[in-house]
file start_4.cif (mmCIF, C-alpha atoms)
data_upload
#
loop_
_atom_site.label_atom_id
_atom_site.label_comp_id
_atom_site.auth_asym_id
_atom_site.auth_seq_id
_atom_site.Cartn_x
_atom_site.Cartn_y
_atom_site.Cartn_z
CA MET A 1 -22.63 -97.76 45.75
CA ASP A 2 -21.94 -100.33 48.47
CA MET A 3 -24.02 -103.54 48.53
CA THR A 4 -24.77 -103.15 52.24
CA ILE A 5 -26.42 -99.93 51.64
CA LEU A 6 -28.46 -101.41 48.83
CA ILE A 7 -29.62 -104.22 51.04
CA PHE A 8 -30.44 -101.83 53.79
CA ILE A 9 -32.41 -99.68 51.52
CA GLY A 10 -34.21 -102.69 50.00
CA ALA A 11 -35.15 -104.10 53.42
CA SER A 12 -36.32 -100.77 54.62
CA VAL A 13 -38.50 -100.35 51.59
CA LEU A 14 -39.90 -103.86 51.98
CA ALA A 15 -40.69 -103.37 55.64
CA LEU A 16 -42.32 -100.11 54.86
CA ILE A 17 -44.43 -101.71 52.15
CA LEU A 18 -45.45 -104.48 54.44
CA ALA A 19 -46.33 -102.13 57.18
CA VAL A 20 -48.36 -100.02 54.84
CA VAL A 21 -50.10 -103.04 53.33
CA GLY A 22 -50.79 -104.45 56.75
CA PHE A 23 -52.03 -101.11 57.90
CA ILE A 24 -54.27 -100.67 54.94
CA GLY A 25 -55.50 -104.25 55.15
CA SER A 26 -56.30 -104.06 58.82
CA ARG A 27 -57.83 -100.59 58.83
CA LYS A 28 -61.28 -101.79 58.62
CA GLN A 29 -60.82 -104.27 61.28
CA ALA A 30 -58.12 -103.03 63.62
CA THR A 31 -58.87 -100.85 66.56
CA PRO A 32 -56.83 -97.88 67.47
CA GLU A 33 -55.21 -99.82 70.23
CA GLN A 34 -54.23 -102.48 67.82
CA VAL A 35 -52.82 -99.98 65.46
CA GLU A 36 -50.90 -98.45 68.24
CA ARG A 37 -49.46 -101.69 69.25
CA LEU A 38 -48.66 -102.55 65.71
CA ASN A 39 -46.80 -99.32 65.29
CA ILE A 40 -44.85 -99.79 68.41
CA ALA A 41 -44.00 -103.35 67.40
CA PHE A 42 -42.93 -102.16 64.00
CA ASP A 43 -40.80 -99.44 65.52
CA GLU A 44 -39.19 -101.84 67.86
CA TYR A 45 -38.58 -104.27 65.06
CA VAL A 46 -36.99 -101.68 62.91
CA LYS A 47 -35.00 -100.34 65.80
CA ASN A 48 -33.82 -103.58 67.24
CA ARG A 49 -33.57 -105.82 64.24
CA LEU A 50 -32.98 -103.67 61.21
CA PHE A 51 -31.53 -100.36 62.36
CA THR A 52 -29.34 -101.36 65.20
CA ASP A 53 -27.01 -98.71 66.52
CA ALA A 54 -23.99 -100.47 65.09
CA PHE A 55 -25.70 -100.81 61.75
CA VAL A 56 -26.83 -97.24 61.72
CA GLN A 57 -23.43 -96.12 62.78
CA GLU A 58 -21.80 -98.17 60.06
CA VAL A 59 -24.21 -96.90 57.50
CA HIS A 60 -23.56 -93.39 58.67
CA GLY A 61 -19.86 -93.98 58.49
CA LYS A 62 -20.12 -95.30 54.99
CA ILE A 63 -22.40 -92.50 53.93
CA TYR A 64 -19.97 -90.02 55.35
CA GLN A 65 -17.14 -91.73 53.58
CA GLU A 66 -19.05 -91.71 50.32
CA ILE A 67 -20.03 -88.13 50.80
CA GLU A 68 -16.48 -87.24 51.65
CA LYS A 69 -15.20 -89.09 48.63
CA TYR A 70 -17.81 -87.46 46.48
CA LEU A 71 -17.24 -84.08 47.93
CA SER A 72 -13.49 -84.52 47.64
CA LYS A 73 -13.83 -85.46 44.00
CA VAL A 74 -16.30 -82.71 43.40
CA PHE A 75 -14.02 -80.30 45.15
CA ILE A 76 -11.02 -81.47 43.13
CA ASP A 77 -13.03 -81.23 39.92
CA PHE A 78 -14.33 -77.91 40.99
CA GLU A 79 -10.81 -76.81 41.76
CA HIS A 80 -9.65 -77.91 38.31
CA ASP A 81 -12.63 -76.36 36.70
CA LEU A 82 -12.06 -73.21 38.67
CA GLU A 83 -8.43 -73.05 37.64
CA SER A 84 -9.42 -73.73 34.07
CA VAL A 85 -12.16 -71.14 34.25
CA ILE A 86 -9.79 -68.67 35.86
CA GLY A 87 -7.23 -69.36 33.15
CA ASN A 88 -9.79 -69.05 30.42
CA VAL A 89 -11.34 -66.00 31.95
CA SER A 90 -7.89 -64.52 32.41
CA GLN A 91 -7.03 -65.29 28.81
CA GLN A 92 -10.31 -63.94 27.60
CA LEU A 93 -9.97 -60.95 29.84
CA HIS A 94 -6.44 -60.33 28.61
CA ALA A 95 -7.48 -60.87 25.03
CA SER A 96 -10.53 -58.74 25.53
CA THR A 97 -8.51 -56.03 27.25
CA SER A 98 -5.79 -56.08 24.59
CA GLU A 99 -8.35 -56.04 21.86
CA LYS A 100 -10.19 -53.21 23.50
CA LEU A 101 -6.99 -51.30 24.07
CA THR A 102 -5.94 -51.95 20.48
CA LYS A 103 -9.31 -50.76 19.28
CA GLU A 104 -9.08 -47.70 21.47
CA LEU A 105 -5.54 -47.02 20.28
CA ASP A 106 -6.59 -47.55 16.68
CA ALA A 107 -9.54 -45.26 17.20
CA TYR A 108 -7.26 -42.73 18.85
CA ARG A 109 -4.75 -43.05 16.01
CA ASP A 110 -7.55 -42.64 13.49
CA THR A 111 -8.77 -39.57 15.33
CA VAL A 112 -5.27 -38.10 15.40
CA GLN A 113 -4.82 -38.82 11.71
CA GLU A 114 -8.18 -37.30 10.90
CA SER A 115 -7.36 -34.25 13.00
CA THR A 116 -3.93 -33.95 11.38
CA GLU A 117 -5.45 -34.29 7.95
CA TYR A 118 -8.14 -31.74 8.82
CA ILE A 119 -5.54 -29.30 10.14
CA ARG A 120 -3.33 -29.91 7.09
CA ASN A 121 -6.27 -29.24 4.79
CA MET A 122 -7.23 -26.17 6.77
CA VAL A 123 -3.65 -24.85 6.66
CA GLY A 124 -3.57 -25.54 2.94
CA GLU A 125 -6.82 -23.64 2.45
CA LEU A 126 -5.52 -20.80 4.59
CA GLU A 127 -2.29 -20.67 2.58
CA THR A 128 -4.27 -20.62 -0.65
CA ALA A 129 -6.58 -17.92 0.69
CA TYR A 130 -3.56 -15.93 1.92
CA LYS A 131 -1.84 -16.19 -1.47
CA GLU A 132 -5.01 -15.15 -3.27
CA ALA A 133 -5.54 -12.25 -0.89
CA SER A 134 -1.91 -11.19 -1.27
CA GLN A 135 -2.23 -11.38 -5.02
CA ARG A 136 -5.41 -9.32 -4.93
CA VAL A 137 -3.82 -6.73 -2.64
CA GLU A 138 -0.73 -6.59 -4.83
CA THR A 139 -2.86 -6.17 -7.94
CA LYS A 140 -4.93 -3.45 -6.28
CA LEU A 141 -1.80 -1.66 -5.12
CA GLN A 142 -0.32 -1.86 -8.59
CA GLU A 143 -3.55 -0.57 -10.12
CA PHE A 144 -3.66 2.22 -7.54
CA SER A 145 0.00 3.04 -8.15
CA ASP A 146 -0.49 3.13 -11.91
CA THR A 147 -3.65 5.20 -11.61
CA GLU A 148 -2.03 7.60 -9.17
CA LYS A 149 1.03 7.92 -11.37
CA GLU A 150 -1.13 8.67 -14.40
CA ARG A 151 -3.19 11.13 -12.41
CA ILE A 152 -0.13 13.00 -11.15
CA THR A 153 1.44 12.99 -14.59
CA ALA A 154 -1.78 14.29 -16.15
CA LEU A 155 -2.10 16.89 -13.42
CA ILE A 156 1.46 18.04 -13.96
CA ASP A 157 0.87 18.08 -17.68
CA ARG A 158 -2.21 20.25 -17.28
CA ARG A 159 -0.93 22.59 -14.64
CA PHE A 160 2.79 22.39 -15.14
CA GLU A 161 3.29 26.07 -15.76
CA ASP A 162 1.06 27.09 -12.87
CA ILE A 163 2.89 24.77 -10.51
CA ILE A 164 6.34 25.89 -11.55
CA ASP A 165 5.35 29.54 -11.65
CA SER A 166 3.78 29.39 -8.24
CA TYR A 167 6.73 27.53 -6.78
CA LEU A 168 9.40 29.71 -8.29
CA LYS A 169 7.54 32.93 -7.67
CA THR A 170 7.35 31.98 -4.04
CA ILE A 171 11.03 31.21 -3.66
CA MET A 172 12.26 33.95 -6.04
CA GLU A 173 9.86 36.73 -5.10
CA ASN A 174 12.53 39.16 -4.08
CA GLN A 175 15.59 37.43 -5.38
CA VAL A 176 15.35 38.12 -9.09
CA ASP A 177 18.73 39.66 -9.82
CA LEU A 178 19.06 40.66 -13.44
CA GLY A 179 22.76 41.29 -12.93
CA ALA A 180 23.25 37.66 -12.03
CA GLN A 181 21.24 36.65 -15.09
CA ARG A 182 23.25 38.83 -17.44
CA PRO A 183 25.63 36.06 -18.63
CA TYR A 184 22.69 33.77 -19.35
CA ILE A 185 20.73 36.42 -21.26
CA PHE A 186 23.67 37.56 -23.39
CA LYS A 187 24.67 33.99 -24.09
CA GLN A 188 21.16 33.32 -25.39
CA LEU A 189 21.25 36.48 -27.49
CA GLU A 190 24.59 35.45 -28.98
CA GLN A 191 23.20 32.05 -29.86
CA HIS A 192 20.20 33.61 -31.65
CA LYS A 193 22.04 36.64 -33.02
CA GLU A 194 21.59 35.81 -36.69
CA GLU A 195 17.89 35.08 -36.32
CA ILE A 196 17.34 38.38 -34.54
CA LYS A 197 19.35 40.31 -37.07
CA LYS A 198 17.45 38.77 -39.95
CA ASP A 199 14.08 39.45 -38.33
CA VAL A 200 14.95 43.07 -37.49
CA ASN A 201 16.32 43.89 -40.91
CA GLU A 202 13.23 42.43 -42.57
CA GLY A 203 11.11 44.84 -40.55
CA ILE A 204 12.96 47.94 -41.55
CA MET B 1 17.64 54.43 -43.70
CA LYS B 2 19.74 57.42 -42.82
CA GLU B 3 22.90 56.99 -40.82
CA TYR B 4 22.48 58.56 -37.41
CA LYS B 5 24.22 57.80 -34.22
CA LEU B 6 22.46 57.21 -30.98
CA PRO B 7 24.27 57.70 -27.70
CA MET B 8 24.29 54.68 -25.45
CA GLY B 9 22.16 56.51 -22.91
CA LEU B 10 19.45 56.85 -25.52
CA TYR B 11 18.14 53.35 -25.79
CA SER B 12 14.36 53.48 -25.50
CA LYS B 13 11.71 54.66 -27.86
CA HIS B 14 10.20 56.72 -25.04
CA GLN B 15 13.47 58.57 -24.60
CA VAL B 16 13.57 59.33 -28.31
CA GLU B 17 10.00 60.61 -28.17
CA ASP B 18 10.85 62.70 -25.12
CA ILE B 19 13.91 64.42 -26.60
CA ALA B 20 12.14 64.80 -29.96
CA ALA B 21 9.42 66.70 -28.13
CA GLU B 22 12.07 68.64 -26.28
CA ALA B 23 13.81 69.50 -29.54
CA ALA B 24 10.50 70.62 -31.05
CA GLN B 25 9.82 72.83 -28.07
CA LEU B 26 13.30 74.31 -28.25
CA LEU B 27 12.85 74.99 -31.93
CA GLU B 28 9.67 76.90 -31.20
CA GLN B 29 11.47 78.85 -28.53
CA GLN B 30 14.30 79.59 -30.95
CA GLN B 31 11.75 80.78 -33.48
CA SER B 32 10.10 83.05 -30.94
CA ARG B 33 13.44 84.42 -29.82
CA ARG B 34 14.45 85.07 -33.35
CA ILE B 35 11.27 87.06 -33.96
CA ARG B 36 11.61 88.96 -30.73
CA SER B 37 15.28 89.67 -31.44
CA GLN B 38 14.24 91.31 -34.70
CA TYR B 39 12.48 93.85 -32.57
CA GLY B 40 15.29 94.08 -30.01
CA GLN B 41 13.22 92.48 -27.34
CA ASP B 42 15.05 89.23 -26.82
CA GLN B 43 17.31 89.36 -23.78
CA SER B 44 17.30 85.64 -22.94
CA SER B 45 20.29 83.35 -23.24
CA ASP B 46 20.37 79.99 -24.97
CA PRO B 47 17.94 77.46 -23.35
CA ALA B 48 19.29 74.61 -21.28
CA LEU B 49 19.16 71.20 -22.94
CA SER B 50 18.65 67.86 -21.32
CA SER B 51 21.78 65.76 -21.09
CA LEU B 52 20.22 63.19 -23.34
CA LEU B 53 19.54 65.70 -26.09
CA GLU B 54 23.02 67.14 -25.66
CA ASP B 55 24.48 63.63 -26.00
CA PHE B 56 22.42 63.03 -29.12
CA LEU B 57 23.58 66.29 -30.66
CA ALA B 58 27.18 65.58 -29.73
CA ALA B 59 27.05 62.01 -31.04
CA ASN B 60 26.05 63.35 -34.45
CA GLY B 61 28.46 66.37 -34.42
CA TRP B 62 25.69 68.91 -33.95
CA THR B 63 25.23 71.90 -31.67
CA VAL B 64 22.15 73.62 -30.34
CA LYS B 65 22.02 75.48 -33.65
CA ASP B 66 21.29 72.16 -35.34
CA LEU B 67 18.15 71.44 -33.40
CA ALA B 68 16.07 71.34 -36.54
CA ALA B 69 18.26 68.65 -38.02
CA ALA B 70 18.26 66.85 -34.69
CA LYS B 71 14.51 67.07 -34.58
CA ASP B 72 14.22 65.59 -38.05
CA ALA B 73 16.73 62.91 -37.11
CA LEU B 74 14.82 62.03 -33.96
CA ASP B 75 11.54 61.86 -35.86
CA HIS B 76 13.18 59.62 -38.40
CA VAL B 77 14.59 57.38 -35.72
CA ARG B 78 11.29 57.27 -33.92
CA GLN B 79 9.50 56.19 -37.04
CA HIS B 80 12.02 53.87 -38.63
CA ALA B 81 14.49 52.57 -36.07
CA PRO B 82 14.03 48.91 -35.26
CA VAL B 83 12.57 48.26 -31.85
CA MET B 84 13.20 45.26 -29.64
CA HIS B 85 10.43 44.71 -27.11
CA CYS B 86 11.98 43.22 -24.02
CA THR B 87 10.07 41.61 -21.18
CA LEU B 88 11.98 41.25 -17.92
CA PRO B 89 11.03 39.85 -14.50
CA ARG B 90 11.71 43.19 -12.79
CA ARG B 91 12.53 46.79 -13.56
CA PRO B 92 16.16 46.87 -14.75
CA GLN B 93 18.80 49.40 -13.81
CA PRO B 94 19.59 51.98 -16.54
CA GLY B 95 23.15 50.73 -16.83
CA TRP B 96 21.88 47.24 -17.53
CA LEU B 97 19.60 48.52 -20.31
CA ARG B 98 22.44 50.57 -21.84
CA GLU B 99 24.50 47.43 -21.99
CA LEU B 100 21.64 45.57 -23.63
CA ALA B 101 21.11 48.35 -26.18
CA GLU B 102 24.82 48.41 -26.91
CA TRP B 103 24.75 44.72 -27.73
CA PHE B 104 21.78 45.09 -30.11
CA ARG B 105 23.37 48.08 -31.85
CA ALA B 106 26.67 46.26 -32.19
CA HIS B 107 25.25 42.98 -33.46
CA VAL B 108 21.80 43.67 -34.92
CA HIS B 109 21.30 47.26 -35.99
CA PRO B 110 23.06 50.52 -34.93
CA LEU B 111 19.77 52.32 -34.25
CA THR B 112 18.07 49.63 -32.29
CA LEU B 113 15.74 50.94 -29.61
CA LEU B 114 14.25 49.07 -26.71
CA THR B 115 10.92 48.94 -24.98
CA VAL B 116 10.77 47.33 -21.58
CA ARG B 117 7.88 45.58 -19.89
CA VAL B 118 7.96 43.91 -16.50
CA ASP B 119 6.33 40.52 -16.06
CA ARG B 120 7.20 38.59 -12.93
CA THR B 121 5.65 35.40 -14.23
CA ILE B 122 8.59 34.82 -16.52
CA LEU B 123 10.55 34.31 -13.29
CA GLY B 124 13.93 35.15 -14.79
CA GLY B 125 15.79 35.66 -18.03
CA MET B 126 14.20 37.69 -20.79
CA VAL B 127 11.64 37.51 -23.57
CA ALA B 128 12.60 39.50 -26.67
CA ARG B 129 10.15 40.28 -29.45
CA GLY B 130 11.36 41.62 -32.77
CA THR B 131 9.41 42.38 -35.91
CA ASN B 132 7.90 38.97 -36.47
CA GLN B 133 9.50 36.67 -33.95
CA VAL B 134 9.70 36.09 -30.24
CA TRP B 135 12.75 34.71 -28.47
CA ASP B 136 11.83 33.39 -25.08
CA PHE B 137 14.92 33.08 -22.89
CA SER B 138 12.84 33.06 -19.70
CA ILE B 139 13.25 30.61 -16.87
CA ARG B 140 9.58 29.79 -17.21
CA ARG B 141 10.21 28.61 -20.76
CA MET B 142 13.28 26.71 -19.62
CA PHE B 143 11.17 24.75 -17.13
CA HIS B 144 8.48 24.27 -19.71
CA ASN B 145 11.02 22.77 -22.09
CA LYS B 146 12.13 20.41 -19.33
CA ARG B 147 8.57 19.33 -18.65
CA ASP B 148 8.87 16.00 -20.43
CA GLN B 149 11.99 15.17 -18.48
CA LEU B 150 10.24 15.93 -15.20
CA LYS B 151 7.24 13.89 -16.24
CA GLN B 152 9.53 11.02 -17.10
CA VAL B 153 11.21 11.27 -13.71
CA ILE B 154 7.83 11.11 -11.97
CA ALA B 155 6.65 8.27 -14.19
CA ASP B 156 9.78 6.29 -13.35
CA VAL B 157 9.13 6.55 -9.62
CA GLU B 158 7.89 3.17 -8.41
#
call {"tool": "encode", "arguments": {"input": "start_4.cif", "output": "structure tokens"}}
result
Amino acid sequence: MDMTILIFIGASVLALILAVVGFIGSRKQATPEQVERLNIAFDEYVKNRLFTDAFVQEVHGKIYQEIEKYLSKVFIDFEHDLESVIGNVSQQLHASTSEKLTKELDAYRDTVQESTEYIRNMVGELETAYKEASQRVETKLQEFSDTEKERITALIDRRFEDIIDSYLKTIMENQVDLGAQRPYIFKQLEQHKEEIKKDVNEGI
Amino acid sequence: MKEYKLPMGLYSKHQVEDIAAEAAQLLEQQQSRRIRSQYGQDQSSDPALSSLLEDFLAANGWTVKDLAAAKDALDHVRQHAPVMHCTLPRRPQPGWLRELAEWFRAHVHPLTLLTVRVDRTILGGMVARGTNQVWDFSIRRMFHNKRDQLKQVIADVE
């Protein structure tokens, strides 16, 4: 700080101390008029001798200059700091944003992978269930087919003659032509001729 | 067994029984006529014979005067001739039975007689029963014999 200002401040403090000391020391003795006069004299002294207009103006000018210099420096520092802060904040923001986006993307990717894996597992289970069901159905059908085949075969075995008789009697009811059967009957007789002859002659 | 000849029209045991009865009746009539003629009371002519009896007499070289021999022959045939019992799906025509009797007499025995029974359940063909055996030439039997083949066909169906 400038020396002039220091001197000014020192003188002002001294005068103030003196005035206070004088005031305190004369309180018991001085009358109000005296105090008034003393104050006025002090004010005039300060005004005319210490704080002249030129001095005050100079001091003001210097204070302004100092304030300006200080403010300018502060402003410049602030500007630097602000730029730095903006840069840092921007970097942090960018880093934070990227990190957050990366995390979100990773989380999204993880979710997609989990969903894909879940769907793949579910499809696998469905395929297995479908194969097992198909196998069961095929086995049941085979069992049913075998059972039905055996049942029909047994039924035919038991009622073969009834079935054939009923069927042929229906379709041959009025179409039995012995004349047409003559070749068949005589052919059969010829084939068994010796057996018949032997049997008949044994009975005579 | 005596050697008689049976006309082709005489093929069933029933026919033999019928003309044997006819011959016996005629013999009785002849006897009555002969008695009555002794007293001059018989004015009737010779009785008419059935065509079957006439054929039988002719086949064996006999006339109506040989009815006694014919009667004995018919009784003998009725008692001793071999009989084939035939089962058919329907009543056959007489010509068809004559043909059948002719075959048996040509290939089995010359006095073979037939009995005929109708059984529709045999469906077709014929079942012949001799003395101790049965020959089943029926269509029912034919299907029965093919039963295993039919069962196999059904069993092979997937």
call {"tool": "closest_atom_pairs", "arguments": {"input": "start_4.cif", "of": "chain B", "to": "chain A", "cutoff": "8 Å", "atoms": "only C-alpha atoms", "output": "JSON lines"}}
result
{"residue": "B:His80", "atom": "CA", "partner": "A:Ile204", "partner_atom": "CA", "distance": 6.7}
{"residue": "B:Ala81", "atom": "CA", "partner": "A:Ile204", "partner_atom": "CA", "distance": 7.3}
{"residue": "B:Pro82", "atom": "CA", "partner": "A:Val200", "partner_atom": "CA", "distance": 6.3}
{"residue": "B:Pro89", "atom": "CA", "partner": "A:Val176", "partner_atom": "CA", "distance": 7.1}
{"residue": "B:Arg90", "atom": "CA", "partner": "A:Val176", "partner_atom": "CA", "distance": 7.3}
{"residue": "B:Pro92", "atom": "CA", "partner": "A:Leu178", "partner_atom": "CA", "distance": 7.0}
{"residue": "B:Trp96", "atom": "CA", "partner": "A:Gly179", "partner_atom": "CA", "distance": 7.6}
{"residue": "B:His107", "atom": "CA", "partner": "A:Lys193", "partner_atom": "CA", "distance": 7.1}
{"residue": "B:Val108", "atom": "CA", "partner": "A:Lys197", "partner_atom": "CA", "distance": 4.7}
{"residue": "B:His109", "atom": "CA", "partner": "A:Lys197", "partner_atom": "CA", "distance": 7.3}
{"residue": "B:Arg120", "atom": "CA", "partner": "A:Lys169", "partner_atom": "CA", "distance": 7.7}
{"residue": "B:Thr121", "atom": "CA", "partner": "A:Asp165", "partner_atom": "CA", "distance": 6.4}
{"residue": "B:Ile122", "atom": "CA", "partner": "A:Asp165", "partner_atom": "CA", "distance": 7.9}
{"residue": "B:Leu123", "atom": "CA", "partner": "A:Lys169", "partner_atom": "CA", "distance": 6.5}
{"residue": "B:Gly124", "atom": "CA", "partner": "A:Val176", "partner_atom": "CA", "distance": 6.6}
{"residue": "B:Gly125", "atom": "CA", "partner": "A:Ile185", "partner_atom": "CA", "distance": 6.0}
{"residue": "B:Met126", "atom": "CA", "partner": "A:Ile185", "partner_atom": "CA", "distance": 6.7}
{"residue": "B:Gly130", "atom": "CA", "partner": "A:Val200", "partner_atom": "CA", "distance": 6.1}
{"residue": "B:Thr131", "atom": "CA", "partner": "A:Gly203", "partner_atom": "CA", "distance": 5.5}
{"residue": "B:Asn132", "atom": "CA", "partner": "A:Asp199", "partner_atom": "CA", "distance": 6.5}
{"residue": "B:Gln133", "atom": "CA", "partner": "A:Asp199", "partner_atom": "CA", "distance": 6.9}
{"residue": "B:Phe137", "atom": "CA", "partner": "A:Gln188", "partner_atom": "CA", "distance": 6.7}
{"residue": "B:Arg140", "atom": "CA", "partner": "A:Asp165", "partner_atom": "CA", "distance": 7.0}
{"residue": "B:Phe143", "atom": "CA", "partner": "A:Ile164", "partner_atom": "CA", "distance": 7.5}
{"residue": "B:His144", "atom": "CA", "partner": "A:Glu161", "partner_atom": "CA", "distance": 6.8}
{"residue": "B:Arg147", "atom": "CA", "partner": "A:Phe160", "partner_atom": "CA", "distance": 7.4}
{"residue": "B:Lys151", "atom": "CA", "partner": "A:Thr153", "partner_atom": "CA", "distance": 6.1}
{"residue": "B:Ile154", "atom": "CA", "partner": "A:Thr153", "partner_atom": "CA", "distance": 7.2}
{"residue": "B:Ala155", "atom": "CA", "partner": "A:Lys149", "partner_atom": "CA", "distance": 6.3}
{"residue": "B:Glu158", "atom": "CA", "partner": "A:Ser145", "partner_atom": "CA", "distance": 7.9}
call {"tool": "resolve_selection", "arguments": {"input": "start_4.cif", "expression": "the PyMOL selection byres ((chain B and resi 114) around 9)", "output": "PDB file with C-alpha atoms, in the frame of the given file"}}
result
ATOM      1  CA  TYR B  11      18.140  53.350 -25.790  1.00  0.00           C
ATOM      2  CA  SER B  12      14.360  53.480 -25.500  1.00  0.00           C
ATOM      3  CA  LYS B  13      11.710  54.660 -27.860  1.00  0.00           C
ATOM      4  CA  HIS B  14      10.200  56.720 -25.040  1.00  0.00           C
ATOM      5  CA  PRO B  82      14.030  48.910 -35.260  1.00  0.00           C
ATOM      6  CA  VAL B  83      12.570  48.260 -31.850  1.00  0.00           C
ATOM      7  CA  MET B  84      13.200  45.260 -29.640  1.00  0.00           C
ATOM      8  CA  HIS B  85      10.430  44.710 -27.110  1.00  0.00           C
ATOM      9  CA  CYS B  86      11.980  43.220 -24.020  1.00  0.00           C
ATOM     10  CA  LEU B  97      19.600  48.520 -20.310  1.00  0.00           C
ATOM     11  CA  LEU B 100      21.640  45.570 -23.630  1.00  0.00           C
ATOM     12  CA  ALA B 101      21.110  48.350 -26.180  1.00  0.00           C
ATOM     13  CA  THR B 112      18.070  49.630 -32.290  1.00  0.00           C
ATOM     14  CA  LEU B 113      15.740  50.940 -29.610  1.00  0.00           C
ATOM     15  CA  THR B 115      10.920  48.940 -24.980  1.00  0.00           C
ATOM     16  CA  VAL B 116      10.770  47.330 -21.580  1.00  0.00           C
TER      17      VAL B 116
END
call {"tool": "atom_distance", "arguments": {"input": "start_4.cif", "atom1": "atom CA of A:Ile17", "atom2": "atom CA of A:Lys62"}}
result
25.3 Å
call {"tool": "closest_residue", "arguments": {"input": "start_4.cif", "among": "A:Arg37, A:Lys100, A:His60, A:Lys73", "to": "A:Ile5", "atoms": "all atoms listed in the file"}}
result
A:His60
call {"tool": "residues_around", "arguments": {"input": "start_4.cif", "residues": "stretch 21-36 of chain B", "least_positions_apart": "4", "cutoff": "12 Å", "atoms": "all atoms listed in the file", "output": "ChimeraX atom specification"}}
result
/B:14-17,40-54,56-57,63-75,78
call {"tool": "atom_distance", "arguments": {"input": "start_4.cif", "atom1": "atom CA of A:Leu6", "atom2": "atom CA of A:Gln57"}}
result
15.7 Å
call {"tool": "atom_distance", "arguments": {"input": "start_4.cif", "atom1": "atom CA of B:Gly9", "atom2": "atom CA of B:Thr87"}}
result
19.3 Å
call {"tool": "build_atoms", "arguments": {"input": "start_4.cif", "residues": "stretch 69-80 of chain B", "atoms": "N, CA, C and O atoms", "output": "PDB file, in the coordinates of the input"}}
result
ATOM      1  N   ALA B  69      17.778  69.904 -37.449  1.00  0.00           N
ATOM      2  CA  ALA B  69      18.260  68.650 -38.020  1.00  0.00           C
ATOM      3  C   ALA B  69      18.106  67.512 -37.007  1.00  0.00           C
ATOM      4  O   ALA B  69      17.715  66.375 -37.349  1.00  0.00           O
ATOM      5  N   ALA B  70      18.396  67.875 -35.752  1.00  0.00           N
ATOM      6  CA  ALA B  70      18.260  66.850 -34.690  1.00  0.00           C
ATOM      7  C   ALA B  70      16.810  66.404 -34.563  1.00  0.00           C
ATOM      8  O   ALA B  70      16.517  65.213 -34.391  1.00  0.00           O
ATOM      9  N   LYS B  71      15.941  67.422 -34.679  1.00  0.00           N
ATOM     10  CA  LYS B  71      14.510  67.070 -34.580  1.00  0.00           C
ATOM     11  C   LYS B  71      14.104  66.142 -35.728  1.00  0.00           C
ATOM     12  O   LYS B  71      13.414  65.140 -35.515  1.00  0.00           O
ATOM     13  N   ASP B  72      14.531  66.468 -36.918  1.00  0.00           N
ATOM     14  CA  ASP B  72      14.220  65.590 -38.050  1.00  0.00           C
ATOM     15  C   ASP B  72      14.828  64.192 -37.841  1.00  0.00           C
ATOM     16  O   ASP B  72      14.190  63.165 -38.150  1.00  0.00           O
ATOM     17  N   ALA B  73      16.067  64.197 -37.333  1.00  0.00           N
ATOM     18  CA  ALA B  73      16.730  62.910 -37.110  1.00  0.00           C
ATOM     19  C   ALA B  73      15.967  62.085 -36.076  1.00  0.00           C
ATOM     20  O   ALA B  73      15.730  60.880 -36.252  1.00  0.00           O
ATOM     21  N   LEU B  74      15.554  62.758 -35.021  1.00  0.00           N
ATOM     22  CA  LEU B  74      14.820  62.030 -33.960  1.00  0.00           C
ATOM     23  C   LEU B  74      13.471  61.510 -34.483  1.00  0.00           C
ATOM     24  O   LEU B  74      13.060  60.399 -34.146  1.00  0.00           O
ATOM     25  N   ASP B  75      12.802  62.334 -35.281  1.00  0.00           N
ATOM     26  CA  ASP B  75      11.540  61.860 -35.860  1.00  0.00           C
ATOM     27  C   ASP B  75      11.769  60.654 -36.765  1.00  0.00           C
ATOM     28  O   ASP B  75      10.988  59.684 -36.761  1.00  0.00           O
ATOM     29  N   HIS B  76      12.862  60.737 -37.509  1.00  0.00           N
ATOM     30  CA  HIS B  76      13.180  59.620 -38.400  1.00  0.00           C
ATOM     31  C   HIS B  76      13.470  58.349 -37.588  1.00  0.00           C
ATOM     32  O   HIS B  76      12.966  57.254 -37.919  1.00  0.00           O
ATOM     33  N   VAL B  77      14.266  58.548 -36.576  1.00  0.00           N
ATOM     34  CA  VAL B  77      14.590  57.380 -35.720  1.00  0.00           C
ATOM     35  C   VAL B  77      13.319  56.826 -35.087  1.00  0.00           C
ATOM     36  O   VAL B  77      13.104  55.603 -35.039  1.00  0.00           O
ATOM     37  N   ARG B  78      12.496  57.733 -34.604  1.00  0.00           N
ATOM     38  CA  ARG B  78      11.290  57.270 -33.920  1.00  0.00           C
ATOM     39  C   ARG B  78      10.385  56.464 -34.858  1.00  0.00           C
ATOM     40  O   ARG B  78       9.755  55.502 -34.452  1.00  0.00           O
ATOM     41  N   GLN B  79      10.384  56.861 -36.097  1.00  0.00           N
ATOM     42  CA  GLN B  79       9.500  56.190 -37.040  1.00  0.00           C
ATOM     43  C   GLN B  79      10.117  54.951 -37.696  1.00  0.00           C
ATOM     44  O   GLN B  79       9.409  54.005 -38.039  1.00  0.00           O
ATOM     45  N   HIS B  80      11.408  54.939 -37.815  1.00  0.00           N
ATOM     46  CA  HIS B  80      12.020  53.870 -38.630  1.00  0.00           C
ATOM     47  C   HIS B  80      13.008  52.969 -37.893  1.00  0.00           C
ATOM     48  O   HIS B  80      13.348  51.904 -38.423  1.00  0.00           O
TER      49      HIS B  80
END
